[in-house]
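Structure below is my_file02.cif: mmCIF, C-alpha atoms.
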data_final
loop_
_atom_site.label_atom_id
_atom_site.label_comp_id
_atom_site.auth_asym_id
_atom_site.auth_seq_id
_atom_site.Cartn_x
_atom_site.Cartn_y
_atom_site.Cartn_z
CA MET G 112 -0.72 -3.45 21.79
CA ASP G 113 1.41 -6.39 22.82
CA ARG G 114 -0.43 -8.96 20.71
CA ASP G 115 0.91 -10.87 17.75
CA TYR G 116 -1.12 -12.00 14.76
CA SER G 117 -0.12 -14.12 11.77
CA VAL G 118 -1.24 -12.60 8.49
CA GLY G 119 -0.51 -14.08 5.10
CA CYS G 120 0.80 -11.77 2.39
CA GLU G 121 3.03 -11.76 -0.65
CA PRO G 122 6.73 -11.21 0.10
CA GLU G 123 6.72 -7.84 -1.68
CA GLU G 124 3.83 -6.68 0.55
CA ARG G 125 5.52 -7.57 3.84
CA ASP G 126 7.14 -4.19 4.56
CA ASP G 127 3.91 -2.28 3.87
CA LEU G 128 1.93 -4.68 6.06
CA ILE G 129 4.39 -4.25 8.93
CA ALA G 130 4.22 -0.46 8.54
CA ALA G 131 0.41 -0.60 8.58
CA ALA G 132 0.45 -2.77 11.71
CA ARG G 133 2.77 -0.33 13.44
CA MET G 134 0.53 2.59 12.46
CA LEU G 135 -2.55 0.81 13.80
CA ASP G 136 -0.73 -0.15 16.99
CA GLN G 137 0.29 3.48 17.59
CA ARG G 138 -3.24 4.74 16.93
CA MET G 139 -4.65 2.18 19.34
CA ARG G 140 -2.12 3.17 22.00
CA ASP G 141 -2.99 6.85 21.50
CA ILE G 142 -6.70 6.13 21.88
CA ARG G 143 -6.23 3.91 24.91
CA GLY G 144 -3.90 6.43 26.56
CA ASN G 145 -3.46 5.72 30.25
CA ASN G 146 -6.75 3.82 30.50
CA ARG G 147 -5.46 0.25 30.70
CA MET G 148 -9.00 -0.97 31.33
CA ALA G 149 -10.33 0.10 27.92
CA ALA G 150 -11.62 -2.89 25.98
CA ILE G 151 -9.19 -3.78 23.21
CA GLU G 152 -12.04 -4.37 20.75
CA ARG G 153 -13.44 -0.89 21.34
CA VAL G 154 -10.00 0.68 20.96
CA ALA G 155 -9.44 -1.28 17.72
CA VAL G 156 -12.80 -0.19 16.26
CA LEU G 157 -12.17 3.46 17.13
CA ALA G 158 -8.69 3.34 15.58
CA ALA G 159 -10.05 1.67 12.43
CA LEU G 160 -12.85 4.24 12.20
CA ASN G 161 -10.36 7.11 12.53
CA LEU G 162 -8.13 5.63 9.81
CA ALA G 163 -11.10 4.98 7.51
CA HIS G 164 -12.25 8.57 7.97
CA GLU G 165 -8.79 9.89 7.10
CA LEU G 166 -8.76 7.67 4.00
CA GLN G 167 -12.14 9.07 2.90
CA GLN G 168 -10.88 12.63 3.37
CA THR G 169 -7.74 11.87 1.37
CA ARG G 170 -9.77 10.31 -1.45
CA HIS G 171 -12.08 13.32 -1.53
CA GLN G 172 -9.16 15.75 -1.60
CA GLY G 173 -7.50 13.68 -4.32
CA GLY G 174 -10.69 13.81 -6.41
CA VAL G 175 -10.95 17.58 -6.06
CA LEU G 176 -7.27 18.03 -6.86
CA GLY G 177 -7.58 15.61 -9.78
CA ASP G 178 -10.46 17.63 -11.24
CA GLU G 179 -8.46 20.84 -10.87
CA PHE G 180 -5.44 19.19 -12.48
CA ASP G 181 -7.57 18.02 -15.43
CA ARG G 182 -8.97 21.55 -15.94
CA THR G 183 -5.51 23.08 -15.82
CA LEU G 184 -4.15 20.48 -18.22
CA GLY G 185 -7.06 21.13 -20.60
CA ASP G 186 -6.37 24.87 -20.49
CA LEU G 187 -2.71 24.28 -21.27
CA GLU G 188 -3.59 21.99 -24.19
CA ARG G 189 -5.94 24.62 -25.62
CA LYS G 190 -3.21 27.25 -25.37
CA LEU G 191 -0.66 24.97 -27.01
CA ASN G 192 -3.12 24.11 -29.78
CA ALA G 193 -3.74 27.82 -30.37
CA LEU G 194 0.00 28.47 -30.55
CA ALA G 195 0.41 25.54 -32.96
CA GLY G 196 -2.33 26.88 -35.20
CA ASN G 197 -5.00 24.32 -34.19
CA PRO G 198 -7.34 26.46 -32.04
CA ASP G 199 -10.40 24.28 -32.77
CA ARG G 200 -8.79 21.01 -31.68
CA GLU G 201 -10.30 19.70 -28.44
CA PRO G 202 -7.99 18.64 -25.63
CA ASP G 203 -7.68 14.88 -25.12
CA ALA G 204 -10.35 13.42 -22.85
CA ARG G 205 -9.04 12.31 -19.45
#
Any chance you could put this one into structure tokens?
Amino acid sequence: MDRDYSVGCEPEERDDLIAAARMLDQRMRDIRGNNRMAAIERVAVLAALNLAHELQQTRHQGGVLGDEFDRTLGDLERKLNALAGNPDREPDAR
């Protein structure tokens, strides 16, 4: 939102940091909309809260999908063990 900040980072992190800054800038502009009088601190907190909420949702979805993946992988290992003649062998722990 037309402000520059200096942030230290490793050279290999620079592109990701710039992308994150652009994402935050766009979110802040979306929240502010046409209201040029909105306090920048309030807009920044709302944008950060929205991004943190999306991160939480993604982590939750990833956990659910990870559990489902582990179950499916375990089922496949049991089937392969049965085909290989080792039906009593437990799938590897994940």
Q: To verify the selection step, state as a list in words which residues the PyMOL selection byres ((chain G and resi 159) around 12) yields on this input.
A: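 Here the PyMOL selection byres ((chain G and resi 159) around 12) matches Ala131, Ala132, Met134, Leu135, Asp136, Gln137, Arg138, Met139, Ile142, Glu152, Arg153, Val154, Ala155, Val156, Leu157, Ala158, Leu160, Asn161, Leu162, Ala163, His164, Glu165 and Leu166 of chain G.
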I'd like the box whose edges run along x, y and z of the file and which contains every listed atom of region 165-175 of chain G, padded by 8 Å per side; could you state its centre and edge lengths in Å, one decimal, as lines of an AutoDock Vina configuration file?
center_x = -9.8
center_y = 12.6
center_z = 0.3
size_x = 20.6
size_y = 25.9
size_z = 29.5
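Of note, CA of Arg125 (chain G) and CA of Gly144 (chain G) are spaced 28.3 Å apart.
Here CA of Met112 (chain G) is placed at a distance of 26.5 Å from CA of Thr169 (chain G).
Relative to CA of Leu128 (chain G), CA of Leu176 (chain G) is found at 27.7 Å.
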I need region 152-167 of chain G from the structure I supplied, saved as a PDB file, in the first residue's frame with all heavy atoms retained.
ATOM      1  N   GLU G 152      -3.129   0.353  10.030  1.00  0.00           N
ATOM      2  CA  GLU G 152      -2.887  -0.695  11.017  1.00  0.00           C
ATOM      3  C   GLU G 152      -4.066  -1.656  11.092  1.00  0.00           C
ATOM      4  O   GLU G 152      -3.889  -2.867  11.159  1.00  0.00           O
ATOM      5  CB  GLU G 152      -2.619  -0.089  12.404  1.00  0.00           C
ATOM      6  CG  GLU G 152      -1.341   0.710  12.492  1.00  0.00           C
ATOM      7  CD  GLU G 152      -1.487   2.152  11.993  1.00  0.00           C
ATOM      8  OE1 GLU G 152      -2.634   2.608  11.724  1.00  0.00           O
ATOM      9  OE2 GLU G 152      -0.448   2.815  11.835  1.00  0.00           O
ATOM     10  N   ARG G 153      -5.263  -1.128  11.051  1.00  0.00           N
ATOM     11  CA  ARG G 153      -6.468  -1.969  11.088  1.00  0.00           C
ATOM     12  C   ARG G 153      -6.545  -2.849   9.837  1.00  0.00           C
ATOM     13  O   ARG G 153      -6.840  -4.033   9.910  1.00  0.00           O
ATOM     14  CB  ARG G 153      -7.720  -1.094  11.200  1.00  0.00           C
ATOM     15  CG  ARG G 153      -9.014  -1.878  11.192  1.00  0.00           C
ATOM     16  CD  ARG G 153     -10.208  -0.949  11.422  1.00  0.00           C
ATOM     17  NE  ARG G 153     -11.456  -1.572  11.099  1.00  0.00           N
ATOM     18  CZ  ARG G 153     -12.089  -2.479  11.832  1.00  0.00           C
ATOM     19  NH1 ARG G 153     -11.538  -2.889  12.952  1.00  0.00           N
ATOM     20  NH2 ARG G 153     -13.243  -2.981  11.457  1.00  0.00           N
ATOM     21  N   VAL G 154      -6.262  -2.256   8.692  1.00  0.00           N
ATOM     22  CA  VAL G 154      -6.286  -3.003   7.434  1.00  0.00           C
ATOM     23  C   VAL G 154      -5.244  -4.117   7.476  1.00  0.00           C
ATOM     24  O   VAL G 154      -5.510  -5.254   7.073  1.00  0.00           O
ATOM     25  CB  VAL G 154      -6.051  -2.052   6.233  1.00  0.00           C
ATOM     26  CG1 VAL G 154      -5.852  -2.824   4.946  1.00  0.00           C
ATOM     27  CG2 VAL G 154      -7.221  -1.070   6.100  1.00  0.00           C
ATOM     28  N   ALA G 155      -4.050  -3.816   8.001  1.00  0.00           N
ATOM     29  CA  ALA G 155      -2.982  -4.812   8.081  1.00  0.00           C
ATOM     30  C   ALA G 155      -3.370  -5.958   9.011  1.00  0.00           C
ATOM     31  O   ALA G 155      -3.145  -7.134   8.691  1.00  0.00           O
ATOM     32  CB  ALA G 155      -1.687  -4.164   8.561  1.00  0.00           C
ATOM     33  N   VAL G 156      -3.969  -5.645  10.152  1.00  0.00           N
ATOM     34  CA  VAL G 156      -4.380  -6.692  11.098  1.00  0.00           C
ATOM     35  C   VAL G 156      -5.464  -7.569  10.481  1.00  0.00           C
ATOM     36  O   VAL G 156      -5.421  -8.797  10.599  1.00  0.00           O
ATOM     37  CB  VAL G 156      -4.850  -6.075  12.435  1.00  0.00           C
ATOM     38  CG1 VAL G 156      -5.557  -7.102  13.300  1.00  0.00           C
ATOM     39  CG2 VAL G 156      -3.661  -5.473  13.177  1.00  0.00           C
ATOM     40  N   LEU G 157      -6.432  -6.972   9.818  1.00  0.00           N
ATOM     41  CA  LEU G 157      -7.491  -7.757   9.178  1.00  0.00           C
ATOM     42  C   LEU G 157      -6.935  -8.649   8.074  1.00  0.00           C
ATOM     43  O   LEU G 157      -7.331  -9.816   7.951  1.00  0.00           O
ATOM     44  CB  LEU G 157      -8.583  -6.842   8.624  1.00  0.00           C
ATOM     45  CG  LEU G 157      -9.454  -6.148   9.679  1.00  0.00           C
ATOM     46  CD1 LEU G 157     -10.375  -5.127   9.016  1.00  0.00           C
ATOM     47  CD2 LEU G 157     -10.249  -7.166  10.470  1.00  0.00           C
ATOM     48  N   ALA G 158      -6.002  -8.140   7.289  1.00  0.00           N
ATOM     49  CA  ALA G 158      -5.395  -8.953   6.231  1.00  0.00           C
ATOM     50  C   ALA G 158      -4.605 -10.106   6.844  1.00  0.00           C
ATOM     51  O   ALA G 158      -4.699 -11.251   6.383  1.00  0.00           O
ATOM     52  CB  ALA G 158      -4.490  -8.091   5.355  1.00  0.00           C
ATOM     53  N   ALA G 159      -3.834  -9.826   7.890  1.00  0.00           N
ATOM     54  CA  ALA G 159      -3.059 -10.876   8.552  1.00  0.00           C
ATOM     55  C   ALA G 159      -3.976 -11.926   9.167  1.00  0.00           C
ATOM     56  O   ALA G 159      -3.697 -13.129   9.085  1.00  0.00           O
ATOM     57  CB  ALA G 159      -2.155 -10.266   9.628  1.00  0.00           C
ATOM     58  N   LEU G 160      -5.066 -11.495   9.776  1.00  0.00           N
ATOM     59  CA  LEU G 160      -6.021 -12.428  10.368  1.00  0.00           C
ATOM     60  C   LEU G 160      -6.643 -13.320   9.291  1.00  0.00           C
ATOM     61  O   LEU G 160      -6.773 -14.536   9.473  1.00  0.00           O
ATOM     62  CB  LEU G 160      -7.107 -11.669  11.130  1.00  0.00           C
ATOM     63  CG  LEU G 160      -8.141 -12.515  11.858  1.00  0.00           C
ATOM     64  CD1 LEU G 160      -7.469 -13.437  12.868  1.00  0.00           C
ATOM     65  CD2 LEU G 160      -9.159 -11.628  12.543  1.00  0.00           C
ATOM     66  N   ASN G 161      -7.015 -12.736   8.168  1.00  0.00           N
ATOM     67  CA  ASN G 161      -7.577 -13.529   7.061  1.00  0.00           C
ATOM     68  C   ASN G 161      -6.571 -14.554   6.557  1.00  0.00           C
ATOM     69  O   ASN G 161      -6.921 -15.720   6.332  1.00  0.00           O
ATOM     70  CB  ASN G 161      -8.008 -12.620   5.913  1.00  0.00           C
ATOM     71  CG  ASN G 161      -9.283 -11.858   6.220  1.00  0.00           C
ATOM     72  OD1 ASN G 161     -10.079 -12.266   7.045  1.00  0.00           O
ATOM     73  ND2 ASN G 161      -9.467 -10.739   5.548  1.00  0.00           N
ATOM     74  N   LEU G 162      -5.318 -14.154   6.381  1.00  0.00           N
ATOM     75  CA  LEU G 162      -4.290 -15.082   5.905  1.00  0.00           C
ATOM     76  C   LEU G 162      -4.013 -16.179   6.929  1.00  0.00           C
ATOM     77  O   LEU G 162      -3.838 -17.345   6.564  1.00  0.00           O
ATOM     78  CB  LEU G 162      -3.012 -14.321   5.560  1.00  0.00           C
ATOM     79  CG  LEU G 162      -3.097 -13.447   4.309  1.00  0.00           C
ATOM     80  CD1 LEU G 162      -1.890 -12.520   4.206  1.00  0.00           C
ATOM     81  CD2 LEU G 162      -3.215 -14.303   3.066  1.00  0.00           C
ATOM     82  N   ALA G 163      -3.979 -15.815   8.215  1.00  0.00           N
ATOM     83  CA  ALA G 163      -3.755 -16.820   9.262  1.00  0.00           C
ATOM     84  C   ALA G 163      -4.900 -17.824   9.302  1.00  0.00           C
ATOM     85  O   ALA G 163      -4.680 -19.032   9.468  1.00  0.00           O
ATOM     86  CB  ALA G 163      -3.595 -16.138  10.617  1.00  0.00           C
ATOM     87  N   HIS G 164      -6.124 -17.356   9.113  1.00  0.00           N
ATOM     88  CA  HIS G 164      -7.279 -18.242   9.092  1.00  0.00           C
ATOM     89  C   HIS G 164      -7.197 -19.213   7.912  1.00  0.00           C
ATOM     90  O   HIS G 164      -7.450 -20.411   8.059  1.00  0.00           O
ATOM     91  CB  HIS G 164      -8.565 -17.416   9.018  1.00  0.00           C
ATOM     92  CG  HIS G 164      -9.798 -18.248   9.032  1.00  0.00           C
ATOM     93  ND1 HIS G 164     -10.600 -18.377   7.920  1.00  0.00           N
ATOM     94  CD2 HIS G 164     -10.368 -19.019   9.996  1.00  0.00           C
ATOM     95  CE1 HIS G 164     -11.608 -19.172   8.211  1.00  0.00           C
ATOM     96  NE2 HIS G 164     -11.482 -19.585   9.459  1.00  0.00           N
ATOM     97  N   GLU G 165      -6.815 -18.707   6.754  1.00  0.00           N
ATOM     98  CA  GLU G 165      -6.658 -19.578   5.585  1.00  0.00           C
ATOM     99  C   GLU G 165      -5.558 -20.612   5.814  1.00  0.00           C
ATOM    100  O   GLU G 165      -5.697 -21.769   5.417  1.00  0.00           O
ATOM    101  CB  GLU G 165      -6.344 -18.745   4.342  1.00  0.00           C
ATOM    102  CG  GLU G 165      -7.533 -17.950   3.848  1.00  0.00           C
ATOM    103  CD  GLU G 165      -7.180 -17.061   2.668  1.00  0.00           C
ATOM    104  OE1 GLU G 165      -6.158 -17.321   1.994  1.00  0.00           O
ATOM    105  OE2 GLU G 165      -7.932 -16.107   2.422  1.00  0.00           O
ATOM    106  N   LEU G 166      -4.477 -20.216   6.469  1.00  0.00           N
ATOM    107  CA  LEU G 166      -3.395 -21.145   6.785  1.00  0.00           C
ATOM    108  C   LEU G 166      -3.894 -22.248   7.714  1.00  0.00           C
ATOM    109  O   LEU G 166      -3.603 -23.426   7.507  1.00  0.00           O
ATOM    110  CB  LEU G 166      -2.216 -20.402   7.415  1.00  0.00           C
ATOM    111  CG  LEU G 166      -1.050 -21.258   7.882  1.00  0.00           C
ATOM    112  CD1 LEU G 166      -0.430 -22.002   6.704  1.00  0.00           C
ATOM    113  CD2 LEU G 166      -0.011 -20.384   8.570  1.00  0.00           C
ATOM    114  N   GLN G 167      -4.660 -21.880   8.733  1.00  0.00           N
ATOM    115  CA  GLN G 167      -5.226 -22.873   9.653  1.00  0.00           C
ATOM    116  C   GLN G 167      -6.124 -23.860   8.910  1.00  0.00           C
ATOM    117  O   GLN G 167      -6.063 -25.060   9.149  1.00  0.00           O
ATOM    118  CB  GLN G 167      -6.027 -22.192  10.761  1.00  0.00           C
ATOM    119  CG  GLN G 167      -5.182 -21.551  11.824  1.00  0.00           C
ATOM    120  CD  GLN G 167      -4.385 -22.581  12.585  1.00  0.00           C
ATOM    121  OE1 GLN G 167      -3.190 -22.708  12.371  1.00  0.00           O
ATOM    122  NE2 GLN G 167      -5.018 -23.315  13.452  1.00  0.00           N
TER     123      GLN G 167
END
